[in-house]
Amino acid sequence: LYTRLEEKISEFERLKEFNENIVESINVGILALDLDDRVESWNAQMEAMYALSRGEALGQTLRDVFPPDFADAIESFRSETGVHHLYKFPLTTRAGEQRTTNIAIAPLMSRDFVAVGRIILVDDITERVSLEAQLAQSDKLSSIGLLAAGVAHEINTPLAVISSYAPM
C-alpha cells in the first residue's frame, strides 16, 4: 500500500510538473483569477510582457495589478458565461509601454463544472499590428507611385506630339 501510494505521488508530481511546463512554455501570457479576482497564477510570458514578477502579482487583485480600463473590461464579463474576446485592446504595462493585445477570458471550471475562477490569455500583437500598418502604408505609396506614373504618361504623350510638330 505504501509503495503504491509513493508511485501515485510520483506520478502526480510528474504530471503536475508537465502541466506547469506547458503553461510556462506557451508564447501567450496566462493568468488565472479566483472568484474574488485575485491573481492565482501568472506565467513567465506575463512577467516578460507586463514587466511584473510572479511574486509581485500573485495574491493581488486584478485592479491592483492592471490599469482601470483593463480591469473594467475584464469585469464587464463577470456575470456572463462562456468565452469572451477583446481584440486589439490597448494595454499599458507597468513600465509605461503601450502594447496592443488580443485577450481571451474563459471561466475556470472544477471537475463538477462549478466556476472556481477565470483564466485570461493575453496575446501581445503589438509587433504584428505595427507590421500591418507598415504594409498598408507601403500599399498606399505603391498606389500613389502607379498613379503618378500614369499621369506622367498621359501628360508626356501630348507633349511629345506638340514638340515634334513645333519645329514644323
# chains A, B, ... in the order shown; residues from 1 in each chain; ligands from 1
call {"tool": "select_by_dssp", "arguments": {"residues": "stretch 83-153 of chain A", "states": "strand (DSSP E)", "output": "JSON, numbers by chain"}}
result
{"A": [84, 85, 86, 87, 88, 89, 90, 91, 92, 98, 99, 100, 101, 102, 103, 104, 105, 106, 107, 108, 109, 115, 116, 117, 118, 119, 120, 121, 122, 123, 124]}
call {"tool": "atom_distance", "arguments": {"atom1": "atom CA of A:Arg63", "atom2": "atom CA of A:Glu75"}}
result
9.9 Å
call {"tool": "select_by_dssp", "arguments": {"residues": "chain A", "states": "helix (DSSP H, G or I)", "output": "JSON, numbers by chain"}}
result
{"A": [2, 3, 4, 5, 6, 7, 8, 9, 10, 11, 12, 13, 14, 15, 16, 17, 18, 19, 20, 21, 22, 23, 24, 25, 44, 45, 46, 47, 48, 49, 50, 54, 55, 56, 57, 62, 63, 64, 65, 68, 69, 70, 71, 72, 73, 74, 75, 126, 127, 128, 129, 130, 131, 132, 133, 134, 135, 136, 137, 138, 139, 140, 141, 142, 143, 144, 145, 146, 147, 148, 149, 150, 151, 152, 153, 154, 155, 156, 157, 158, 159, 160, 161, 162, 163, 164, 165]}
call {"tool": "closest_residue", "arguments": {"among": "A:Ser41, A:Asn21, A:Ser164, A:Ser142", "to": "A:Ile119", "atoms": "only C-alpha atoms"}}
result
A:Ser41
call {"tool": "residues_around", "arguments": {"residues": "A:Met49", "least_positions_apart": "2", "cutoff": "12 Å", "atoms": "only C-alpha atoms", "output": "JSON list (two decimals) with all heavy atoms, in the first residue's frame"}}
result
[["chain", "number", "residue", "atom", "x", "y", "z"],
["A", 27, "ASN", "N", 3.64, 30.68, -25.68],
["A", 27, "ASN", "CA", 4.06, 32.03, -26.06],
["A", 27, "ASN", "C", 2.95, 33.07, -25.87],
["A", 27, "ASN", "O", 2.94, 34.08, -26.55],
["A", 27, "ASN", "CB", 4.52, 32.00, -27.52],
["A", 27, "ASN", "CG", 5.38, 33.18, -27.87],
["A", 27, "ASN", "OD1", 5.93, 33.81, -26.98],
["A", 27, "ASN", "ND2", 5.47, 33.50, -29.14],
["A", 28, "VAL", "N", 2.06, 32.82, -24.97],
["A", 28, "VAL", "CA", 0.95, 33.73, -24.67],
["A", 28, "VAL", "C", 0.92, 33.94, -23.16],
["A", 28, "VAL", "O", 1.16, 33.01, -22.40],
["A", 28, "VAL", "CB", -0.40, 33.11, -25.14],
["A", 28, "VAL", "CG1", -1.57, 33.95, -24.72],
["A", 28, "VAL", "CG2", -0.40, 32.92, -26.64],
["A", 29, "GLY", "N", 0.64, 35.16, -22.73],
["A", 29, "GLY", "CA", 0.54, 35.43, -21.31],
["A", 29, "GLY", "C", -0.70, 34.77, -20.73],
["A", 29, "GLY", "O", -1.79, 34.91, -21.29],
["A", 30, "ILE", "N", -0.55, 34.05, -19.64],
["A", 30, "ILE", "CA", -1.67, 33.36, -18.99],
["A", 30, "ILE", "C", -1.73, 33.78, -17.53],
["A", 30, "ILE", "O", -0.72, 33.73, -16.83],
["A", 30, "ILE", "CB", -1.52, 31.83, -19.07],
["A", 30, "ILE", "CG1", -1.46, 31.37, -20.52],
["A", 30, "ILE", "CG2", -2.66, 31.14, -18.34],
["A", 30, "ILE", "CD1", -1.17, 29.89, -20.68],
["A", 42, "TRP", "N", 0.39, 33.11, -12.78],
["A", 42, "TRP", "CA", 0.99, 34.15, -13.62],
["A", 42, "TRP", "C", 2.19, 33.51, -14.30],
["A", 42, "TRP", "O", 3.17, 33.16, -13.64],
["A", 42, "TRP", "CB", 1.42, 35.29, -12.69],
["A", 42, "TRP", "CG", 1.93, 36.55, -13.29],
["A", 42, "TRP", "CD1", 3.23, 36.82, -13.62],
["A", 42, "TRP", "CD2", 1.19, 37.73, -13.59],
["A", 42, "TRP", "NE1", 3.33, 38.10, -14.09],
["A", 42, "TRP", "CE2", 2.10, 38.68, -14.09],
["A", 42, "TRP", "CE3", -0.15, 38.08, -13.48],
["A", 42, "TRP", "CZ2", 1.70, 39.95, -14.49],
["A", 42, "TRP", "CZ3", -0.53, 39.35, -13.87],
["A", 42, "TRP", "CH2", 0.38, 40.27, -14.36],
["A", 43, "ASN", "N", 2.15, 33.32, -15.61],
["A", 43, "ASN", "CA", 3.25, 32.60, -16.26],
["A", 43, "ASN", "C", 4.39, 33.53, -16.66],
["A", 43, "ASN", "O", 4.31, 34.75, -16.54],
["A", 43, "ASN", "CB", 2.75, 31.76, -17.44],
["A", 43, "ASN", "CG", 2.40, 32.58, -18.67],
["A", 43, "ASN", "OD1", 2.23, 33.79, -18.61],
["A", 43, "ASN", "ND2", 2.26, 31.90, -19.79],
["A", 44, "ALA", "N", 5.47, 32.94, -17.14],
["A", 44, "ALA", "CA", 6.68, 33.69, -17.47],
["A", 44, "ALA", "C", 6.44, 34.69, -18.59],
["A", 44, "ALA", "O", 7.03, 35.77, -18.60],
["A", 44, "ALA", "CB", 7.80, 32.72, -17.86],
["A", 45, "GLN", "N", 5.58, 34.35, -19.54],
["A", 45, "GLN", "CA", 5.29, 35.27, -20.63],
["A", 45, "GLN", "C", 4.61, 36.54, -20.11],
["A", 45, "GLN", "O", 4.88, 37.64, -20.58],
["A", 45, "GLN", "CB", 4.41, 34.59, -21.69],
["A", 45, "GLN", "CG", 4.16, 35.43, -22.92],
["A", 45, "GLN", "CD", 5.40, 35.72, -23.73],
["A", 45, "GLN", "OE1", 6.37, 34.97, -23.70],
["A", 45, "GLN", "NE2", 5.39, 36.82, -24.45],
["A", 46, "MET", "N", 3.74, 36.39, -19.09],
["A", 46, "MET", "CA", 3.12, 37.57, -18.48],
["A", 46, "MET", "C", 4.17, 38.41, -17.77],
["A", 46, "MET", "O", 4.12, 39.64, -17.81],
["A", 46, "MET", "CB", 2.03, 37.16, -17.49],
["A", 46, "MET", "CG", 0.68, 36.84, -18.09],
["A", 46, "MET", "SD", -0.06, 38.15, -19.06],
["A", 46, "MET", "CE", -0.31, 39.43, -17.86],
["A", 47, "GLU", "N", 5.12, 37.76, -17.12],
["A", 47, "GLU", "CA", 6.20, 38.50, -16.46],
["A", 47, "GLU", "C", 6.96, 39.36, -17.47],
["A", 47, "GLU", "O", 7.22, 40.54, -17.22],
["A", 47, "GLU", "CB", 7.19, 37.54, -15.79],
["A", 47, "GLU", "CG", 6.70, 36.91, -14.52],
["A", 47, "GLU", "CD", 7.75, 36.02, -13.88],
["A", 47, "GLU", "OE1", 8.65, 35.51, -14.59],
["A", 47, "GLU", "OE2", 7.68, 35.83, -12.66],
["A", 51, "ALA", "N", 6.06, 43.29, -17.41],
["A", 51, "ALA", "CA", 7.14, 43.81, -16.58],
["A", 51, "ALA", "C", 6.78, 43.79, -15.09],
["A", 51, "ALA", "O", 7.01, 44.75, -14.37],
["A", 51, "ALA", "CB", 7.54, 45.22, -17.01],
["A", 52, "LEU", "N", 6.21, 42.66, -14.67],
["A", 52, "LEU", "CA", 5.85, 42.47, -13.27],
["A", 52, "LEU", "C", 6.14, 41.02, -12.91],
["A", 52, "LEU", "O", 5.68, 40.10, -13.61],
["A", 52, "LEU", "CB", 4.37, 42.79, -13.04],
["A", 52, "LEU", "CG", 3.86, 42.71, -11.61],
["A", 52, "LEU", "CD1", 4.46, 43.84, -10.78],
["A", 52, "LEU", "CD2", 2.35, 42.81, -11.58],
["A", 53, "SER", "N", 6.90, 40.80, -11.85],
["A", 53, "SER", "CA", 7.28, 39.44, -11.49],
["A", 53, "SER", "C", 6.09, 38.67, -10.93],
["A", 53, "SER", "O", 5.12, 39.25, -10.45],
["A", 53, "SER", "CB", 8.42, 39.45, -10.47],
["A", 53, "SER", "OG", 7.94, 39.87, -9.21],
["A", 54, "ARG", "N", 6.20, 37.37, -10.99],
["A", 54, "ARG", "CA", 5.16, 36.49, -10.48],
["A", 54, "ARG", "C", 4.92, 36.73, -8.99],
["A", 54, "ARG", "O", 3.79, 36.78, -8.54],
["A", 54, "ARG", "CB", 5.59, 35.04, -10.72],
["A", 54, "ARG", "CG", 4.58, 34.01, -10.28],
["A", 54, "ARG", "CD", 5.02, 32.65, -10.70],
["A", 54, "ARG", "NE", 5.29, 32.71, -12.13],
["A", 54, "ARG", "CZ", 5.94, 31.79, -12.81],
["A", 54, "ARG", "NH1", 6.42, 30.74, -12.21],
["A", 54, "ARG", "NH2", 6.14, 31.90, -14.09],
["A", 91, "LEU", "N", -3.08, 48.04, -23.94],
["A", 91, "LEU", "CA", -2.69, 47.73, -22.57],
["A", 91, "LEU", "C", -1.38, 48.47, -22.25],
["A", 91, "LEU", "O", -0.39, 48.32, -22.95],
["A", 91, "LEU", "CB", -2.48, 46.22, -22.40],
["A", 91, "LEU", "CG", -1.98, 45.74, -21.05],
["A", 91, "LEU", "CD1", -3.00, 46.04, -19.94],
["A", 91, "LEU", "CD2", -1.70, 44.24, -21.09],
["A", 92, "THR", "N", -1.43, 49.27, -21.21],
["A", 92, "THR", "CA", -0.23, 49.98, -20.75],
["A", 92, "THR", "C", 0.42, 49.14, -19.66],
["A", 92, "THR", "O", -0.20, 48.83, -18.66],
["A", 92, "THR", "CB", -0.59, 51.37, -20.20],
["A", 92, "THR", "OG1", -1.33, 52.07, -21.21],
["A", 92, "THR", "CG2", 0.65, 52.15, -19.85],
["A", 93, "THR", "N", 1.70, 48.80, -19.86],
["A", 93, "THR", "CA", 2.41, 47.95, -18.90],
["A", 93, "THR", "C", 2.88, 48.78, -17.71],
["A", 93, "THR", "O", 2.81, 50.00, -17.72],
["A", 93, "THR", "CB", 3.62, 47.27, -19.55],
["A", 93, "THR", "OG1", 4.58, 48.27, -19.88],
["A", 93, "THR", "CG2", 3.23, 46.48, -20.79],
["A", 94, "ARG", "N", 3.39, 48.07, -16.72],
["A", 94, "ARG", "CA", 3.95, 48.75, -15.54],
["A", 94, "ARG", "C", 5.14, 49.64, -15.92],
["A", 94, "ARG", "O", 5.41, 50.63, -15.28],
["A", 94, "ARG", "CB", 4.42, 47.72, -14.51],
["A", 94, "ARG", "CG", 3.31, 47.11, -13.71],
["A", 94, "ARG", "CD", 3.01, 48.02, -12.53],
["A", 94, "ARG", "NE", 1.83, 47.59, -11.81],
["A", 94, "ARG", "CZ", 1.85, 47.10, -10.60],
["A", 94, "ARG", "NH1", 2.97, 46.95, -9.96],
["A", 94, "ARG", "NH2", 0.73, 46.77, -10.02],
["A", 95, "ALA", "N", 5.84, 49.27, -16.99],
["A", 95, "ALA", "CA", 7.00, 50.04, -17.44],
["A", 95, "ALA", "C", 6.58, 51.26, -18.26],
["A", 95, "ALA", "O", 7.42, 52.01, -18.73],
["A", 95, "ALA", "CB", 7.94, 49.15, -18.26],
["A", 96, "GLY", "N", 5.27, 51.41, -18.50],
["A", 96, "GLY", "CA", 4.76, 52.54, -19.25],
["A", 96, "GLY", "C", 4.68, 52.32, -20.75],
["A", 96, "GLY", "O", 4.35, 53.22, -21.50],
["A", 97, "GLU", "N", 4.98, 51.11, -21.21],
["A", 97, "GLU", "CA", 4.90, 50.79, -22.63],
["A", 97, "GLU", "C", 3.44, 50.59, -23.04],
["A", 97, "GLU", "O", 2.66, 49.99, -22.31],
["A", 97, "GLU", "CB", 5.66, 49.50, -22.95],
["A", 97, "GLU", "CG", 7.14, 49.57, -22.75],
["A", 97, "GLU", "CD", 7.80, 48.24, -23.06],
["A", 97, "GLU", "OE1", 7.27, 47.49, -23.90],
["A", 97, "GLU", "OE2", 8.83, 47.94, -22.44],
["A", 98, "GLN", "N", 3.11, 51.06, -24.23],
["A", 98, "GLN", "CA", 1.77, 50.84, -24.77],
["A", 98, "GLN", "C", 1.82, 49.60, -25.65],
["A", 98, "GLN", "O", 2.54, 49.58, -26.64],
["A", 98, "GLN", "CB", 1.31, 52.07, -25.58],
["A", 98, "GLN", "CG", -0.11, 52.00, -26.06],
["A", 98, "GLN", "CD", -1.13, 52.07, -24.94],
["A", 98, "GLN", "OE1", -0.88, 52.67, -23.91],
["A", 98, "GLN", "NE2", -2.28, 51.46, -25.13],
["A", 99, "ARG", "N", 1.08, 48.57, -25.29],
["A", 99, "ARG", "CA", 1.05, 47.32, -26.05],
["A", 99, "ARG", "C", -0.35, 47.12, -26.63],
["A", 99, "ARG", "O", -1.34, 47.56, -26.04],
["A", 99, "ARG", "CB", 1.39, 46.12, -25.15],
["A", 99, "ARG", "CG", 2.61, 46.27, -24.26],
["A", 99, "ARG", "CD", 3.89, 46.47, -24.98],
["A", 99, "ARG", "NE", 4.32, 45.27, -25.66],
["A", 99, "ARG", "CZ", 5.32, 45.25, -26.53],
["A", 99, "ARG", "NH1", 5.98, 46.34, -26.81],
["A", 99, "ARG", "NH2", 5.68, 44.16, -27.11],
["A", 100, "THR", "N", -0.43, 46.45, -27.75],
["A", 100, "THR", "CA", -1.71, 46.07, -28.33],
["A", 100, "THR", "C", -1.87, 44.57, -28.11],
["A", 100, "THR", "O", -0.97, 43.80, -28.44],
["A", 100, "THR", "CB", -1.74, 46.40, -29.84],
["A", 100, "THR", "OG1", -1.48, 47.79, -30.00],
["A", 100, "THR", "CG2", -3.10, 46.08, -30.43],
["A", 101, "THR", "N", -3.00, 44.18, -27.54],
["A", 101, "THR", "CA", -3.19, 42.78, -27.15],
["A", 101, "THR", "C", -4.53, 42.24, -27.63],
["A", 101, "THR", "O", -5.49, 42.98, -27.80],
["A", 101, "THR", "CB", -3.12, 42.62, -25.62],
["A", 101, "THR", "OG1", -4.12, 43.44, -25.03],
["A", 101, "THR", "CG2", -1.77, 43.02, -25.08],
["A", 122, "VAL", "N", -3.49, 36.54, -22.67],
["A", 122, "VAL", "CA", -3.12, 37.85, -23.21],
["A", 122, "VAL", "C", -2.06, 37.63, -24.28],
["A", 122, "VAL", "O", -0.94, 37.22, -23.99],
["A", 122, "VAL", "CB", -2.58, 38.77, -22.09],
["A", 122, "VAL", "CG1", -2.26, 40.14, -22.66],
["A", 122, "VAL", "CG2", -3.57, 38.88, -20.95],
["A", 123, "ASP", "N", -2.44, 37.90, -25.53],
["A", 123, "ASP", "CA", -1.54, 37.72, -26.67],
["A", 123, "ASP", "C", -1.07, 39.09, -27.13],
["A", 123, "ASP", "O", -1.87, 39.92, -27.57],
["A", 123, "ASP", "CB", -2.27, 37.00, -27.80],
["A", 123, "ASP", "CG", -1.36, 36.62, -28.95],
["A", 123, "ASP", "OD1", -0.13, 36.71, -28.80],
["A", 123, "ASP", "OD2", -1.89, 36.22, -30.01],
["A", 124, "ASP", "N", 0.23, 39.35, -27.01],
["A", 124, "ASP", "CA", 0.81, 40.63, -27.39],
["A", 124, "ASP", "C", 0.97, 40.66, -28.92],
["A", 124, "ASP", "O", 1.80, 39.95, -29.47],
["A", 124, "ASP", "CB", 2.16, 40.83, -26.70],
["A", 124, "ASP", "CG", 2.76, 42.19, -26.93],
["A", 124, "ASP", "OD1", 2.16, 43.00, -27.67],
["A", 124, "ASP", "OD2", 3.83, 42.47, -26.36],
["A", 125, "ILE", "N", 0.18, 41.51, -29.58],
["A", 125, "ILE", "CA", 0.22, 41.59, -31.05],
["A", 125, "ILE", "C", 0.77, 42.95, -31.50],
["A", 125, "ILE", "O", 0.55, 43.35, -32.65],
["A", 125, "ILE", "CB", -1.16, 41.33, -31.66],
["A", 125, "ILE", "CG1", -2.18, 42.34, -31.14],
["A", 125, "ILE", "CG2", -1.61, 39.90, -31.42],
["A", 125, "ILE", "CD1", -3.48, 42.35, -31.93],
["A", 126, "THR", "N", 1.48, 43.64, -30.64],
["A", 126, "THR", "CA", 1.99, 44.98, -30.96],
["A", 126, "THR", "C", 2.84, 44.97, -32.22],
["A", 126, "THR", "O", 2.64, 45.80, -33.11],
["A", 126, "THR", "CB", 2.82, 45.52, -29.78],
["A", 126, "THR", "OG1", 2.02, 45.47, -28.60],
["A", 126, "THR", "CG2", 3.28, 46.93, -30.02]]
call {"tool": "residues_around", "arguments": {"residues": "stretch 31-40 of chain A", "least_positions_apart": "2", "cutoff": "12 Å", "atoms": "only C-alpha atoms", "output": "PyMOL selection string"}}
result
chain A and resi 23-24+28-29+42-47+50+54-66+71-72+74-75+78-79+103-110+114-123
call {"tool": "write_last_selection", "arguments": {"atoms": "C-alpha atoms", "output": "PDB file, in the first residue's frame"}}
result
ATOM      1  CA  VAL A  23       1.869  26.742 -19.182  1.00  0.00           C
ATOM      2  CA  GLU A  24       5.355  28.224 -18.839  1.00  0.00           C
ATOM      3  CA  VAL A  28       0.946  33.725 -24.667  1.00  0.00           C
ATOM      4  CA  GLY A  29       0.537  35.425 -21.307  1.00  0.00           C
ATOM      5  CA  TRP A  42       0.993  34.152 -13.617  1.00  0.00           C
ATOM      6  CA  ASN A  43       3.248  32.601 -16.257  1.00  0.00           C
ATOM      7  CA  ALA A  44       6.685  33.690 -17.473  1.00  0.00           C
ATOM      8  CA  GLN A  45       5.294  35.273 -20.634  1.00  0.00           C
ATOM      9  CA  MET A  46       3.118  37.569 -18.479  1.00  0.00           C
ATOM     10  CA  GLU A  47       6.203  38.504 -16.459  1.00  0.00           C
ATOM     11  CA  TYR A  50       3.807  43.168 -18.362  1.00  0.00           C
ATOM     12  CA  ARG A  54       5.161  36.490 -10.477  1.00  0.00           C
ATOM     13  CA  GLY A  55       5.880  37.113  -6.806  1.00  0.00           C
ATOM     14  CA  GLU A  56       4.533  40.652  -7.046  1.00  0.00           C
ATOM     15  CA  ALA A  57       1.421  39.614  -8.979  1.00  0.00           C
ATOM     16  CA  LEU A  58       0.278  36.541  -7.037  1.00  0.00           C
ATOM     17  CA  GLY A  59      -2.374  37.278  -4.427  1.00  0.00           C
ATOM     18  CA  GLN A  60      -3.033  40.796  -5.720  1.00  0.00           C
ATOM     19  CA  THR A  61      -6.447  41.812  -7.031  1.00  0.00           C
ATOM     20  CA  LEU A  62      -6.966  42.481 -10.714  1.00  0.00           C
ATOM     21  CA  ARG A  63      -7.363  46.218 -10.008  1.00  0.00           C
ATOM     22  CA  ASP A  64      -4.108  46.320  -8.021  1.00  0.00           C
ATOM     23  CA  VAL A  65      -2.128  44.819 -10.891  1.00  0.00           C
ATOM     24  CA  PHE A  66      -3.700  46.230 -14.058  1.00  0.00           C
ATOM     25  CA  ALA A  71      -9.876  45.705 -15.073  1.00  0.00           C
ATOM     26  CA  ASP A  72     -13.198  47.256 -16.178  1.00  0.00           C
ATOM     27  CA  ILE A  74     -12.443  42.035 -17.685  1.00  0.00           C
ATOM     28  CA  GLU A  75     -15.085  42.688 -15.017  1.00  0.00           C
ATOM     29  CA  ARG A  78     -18.122  38.640 -14.859  1.00  0.00           C
ATOM     30  CA  SER A  79     -21.832  37.820 -14.976  1.00  0.00           C
ATOM     31  CA  ILE A 103      -7.427  38.980 -24.795  1.00  0.00           C
ATOM     32  CA  ALA A 104      -9.499  35.854 -24.207  1.00  0.00           C
ATOM     33  CA  ILE A 105     -11.436  35.415 -20.957  1.00  0.00           C
ATOM     34  CA  ALA A 106     -12.764  31.963 -20.088  1.00  0.00           C
ATOM     35  CA  PRO A 107     -14.348  30.523 -16.972  1.00  0.00           C
ATOM     36  CA  LEU A 108     -12.139  28.230 -14.906  1.00  0.00           C
ATOM     37  CA  MET A 109     -14.245  25.192 -14.008  1.00  0.00           C
ATOM     38  CA  SER A 110     -13.816  22.407 -11.475  1.00  0.00           C
ATOM     39  CA  VAL A 114     -18.586  24.714 -10.903  1.00  0.00           C
ATOM     40  CA  ALA A 115     -16.878  28.020 -11.654  1.00  0.00           C
ATOM     41  CA  VAL A 116     -13.805  28.466  -9.449  1.00  0.00           C
ATOM     42  CA  GLY A 117     -12.409  31.499 -11.229  1.00  0.00           C
ATOM     43  CA  ARG A 118     -11.413  32.781 -14.636  1.00  0.00           C
ATOM     44  CA  ILE A 119      -8.460  32.252 -16.913  1.00  0.00           C
ATOM     45  CA  ILE A 120      -7.214  35.123 -19.046  1.00  0.00           C
ATOM     46  CA  LEU A 121      -4.984  34.713 -22.107  1.00  0.00           C
ATOM     47  CA  VAL A 122      -3.120  37.846 -23.206  1.00  0.00           C
ATOM     48  CA  ASP A 123      -1.544  37.718 -26.668  1.00  0.00           C
TER      49      ASP A 123
END
call {"tool": "atom_distance", "arguments": {"atom1": "atom CA of A:Val129", "atom2": "atom CA of A:Asn102"}}
result
11.0 Å
call {"tool": "atom_distance", "arguments": {"atom1": "atom CA of A:Phe18", "atom2": "atom CA of A:Thr3"}}
result
22.4 Å
call {"tool": "decode", "arguments": {"residues": "stretch 17-38 of chain A", "atoms": "N, CA, C and O atoms", "output": "compact mmCIF listing (two decimals), in the first residue's frame"}}
result
# COMPACT_ATOMS: atom_id res chain seq x y z
N GLU A 17 4.26 18.76 -12.84
CA GLU A 17 5.40 19.43 -13.45
C GLU A 17 5.23 19.55 -14.96
O GLU A 17 5.53 20.59 -15.55
N PHE A 18 4.70 18.50 -15.58
CA PHE A 18 4.46 18.51 -17.02
C PHE A 18 3.47 19.62 -17.39
O PHE A 18 3.70 20.40 -18.32
N ASN A 19 2.38 19.72 -16.64
CA ASN A 19 1.38 20.76 -16.89
C ASN A 19 1.96 22.16 -16.66
O ASN A 19 1.68 23.09 -17.43
N GLU A 20 2.76 22.32 -15.63
CA GLU A 20 3.39 23.62 -15.37
C GLU A 20 4.35 23.99 -16.49
O GLU A 20 4.43 25.16 -16.88
N ASN A 21 5.06 23.00 -17.02
CA ASN A 21 5.97 23.26 -18.14
C ASN A 21 5.22 23.71 -19.38
O ASN A 21 5.69 24.57 -20.12
N ILE A 22 4.05 23.13 -19.61
CA ILE A 22 3.23 23.55 -20.75
C ILE A 22 2.83 25.01 -20.60
O ILE A 22 2.98 25.81 -21.52
N VAL A 23 2.32 25.37 -19.43
CA VAL A 23 1.87 26.74 -19.18
C VAL A 23 3.04 27.72 -19.28
O VAL A 23 2.90 28.82 -19.81
N GLU A 24 4.19 27.34 -18.80
CA GLU A 24 5.35 28.22 -18.84
C GLU A 24 5.94 28.35 -20.24
O GLU A 24 6.52 29.38 -20.58
N SER A 25 5.81 27.32 -21.05
CA SER A 25 6.43 27.32 -22.38
C SER A 25 5.59 28.02 -23.45
O SER A 25 6.12 28.39 -24.48
N ILE A 26 4.32 28.17 -23.20
CA ILE A 26 3.45 28.76 -24.22
C ILE A 26 3.81 30.22 -24.44
O ILE A 26 4.28 30.91 -23.54
N ASN A 27 3.64 30.68 -25.68
CA ASN A 27 4.06 32.03 -26.06
C ASN A 27 2.95 33.07 -25.87
O ASN A 27 2.94 34.08 -26.55
N VAL A 28 2.06 32.82 -24.97
CA VAL A 28 0.95 33.73 -24.67
C VAL A 28 0.92 33.94 -23.16
O VAL A 28 1.16 33.01 -22.40
N GLY A 29 0.64 35.16 -22.73
CA GLY A 29 0.54 35.43 -21.31
C GLY A 29 -0.70 34.77 -20.73
O GLY A 29 -1.79 34.91 -21.29
N ILE A 30 -0.55 34.05 -19.64
CA ILE A 30 -1.67 33.36 -18.99
C ILE A 30 -1.73 33.78 -17.53
O ILE A 30 -0.72 33.73 -16.83
N LEU A 31 -2.90 34.20 -17.10
CA LEU A 31 -3.11 34.45 -15.69
C LEU A 31 -4.45 33.87 -15.29
O LEU A 31 -5.39 33.83 -16.08
N ALA A 32 -4.52 33.38 -14.08
CA ALA A 32 -5.75 32.80 -13.55
C ALA A 32 -6.19 33.63 -12.35
O ALA A 32 -5.37 34.04 -11.53
N LEU A 33 -7.50 33.88 -12.30
CA LEU A 33 -8.09 34.65 -11.20
C LEU A 33 -9.02 33.75 -10.42
O LEU A 33 -9.70 32.90 -11.00
N ASP A 34 -9.09 33.96 -9.10
CA ASP A 34 -10.08 33.23 -8.32
C ASP A 34 -11.41 33.99 -8.39
O ASP A 34 -11.54 34.97 -9.12
N LEU A 35 -12.39 33.56 -7.62
CA LEU A 35 -13.71 34.19 -7.67
C LEU A 35 -13.71 35.62 -7.12
O LEU A 35 -14.61 36.40 -7.42
N ASP A 36 -12.70 35.97 -6.31
CA ASP A 36 -12.58 37.32 -5.79
C ASP A 36 -11.67 38.20 -6.64
O ASP A 36 -11.25 39.27 -6.22
N ASP A 37 -11.35 37.73 -7.85
CA ASP A 37 -10.48 38.43 -8.80
C ASP A 37 -9.06 38.64 -8.26
O ASP A 37 -8.42 39.65 -8.53
N ARG A 38 -8.57 37.67 -7.50
CA ARG A 38 -7.17 37.69 -7.06
C ARG A 38 -6.36 36.80 -8.00
O ARG A 38 -6.80 35.73 -8.39
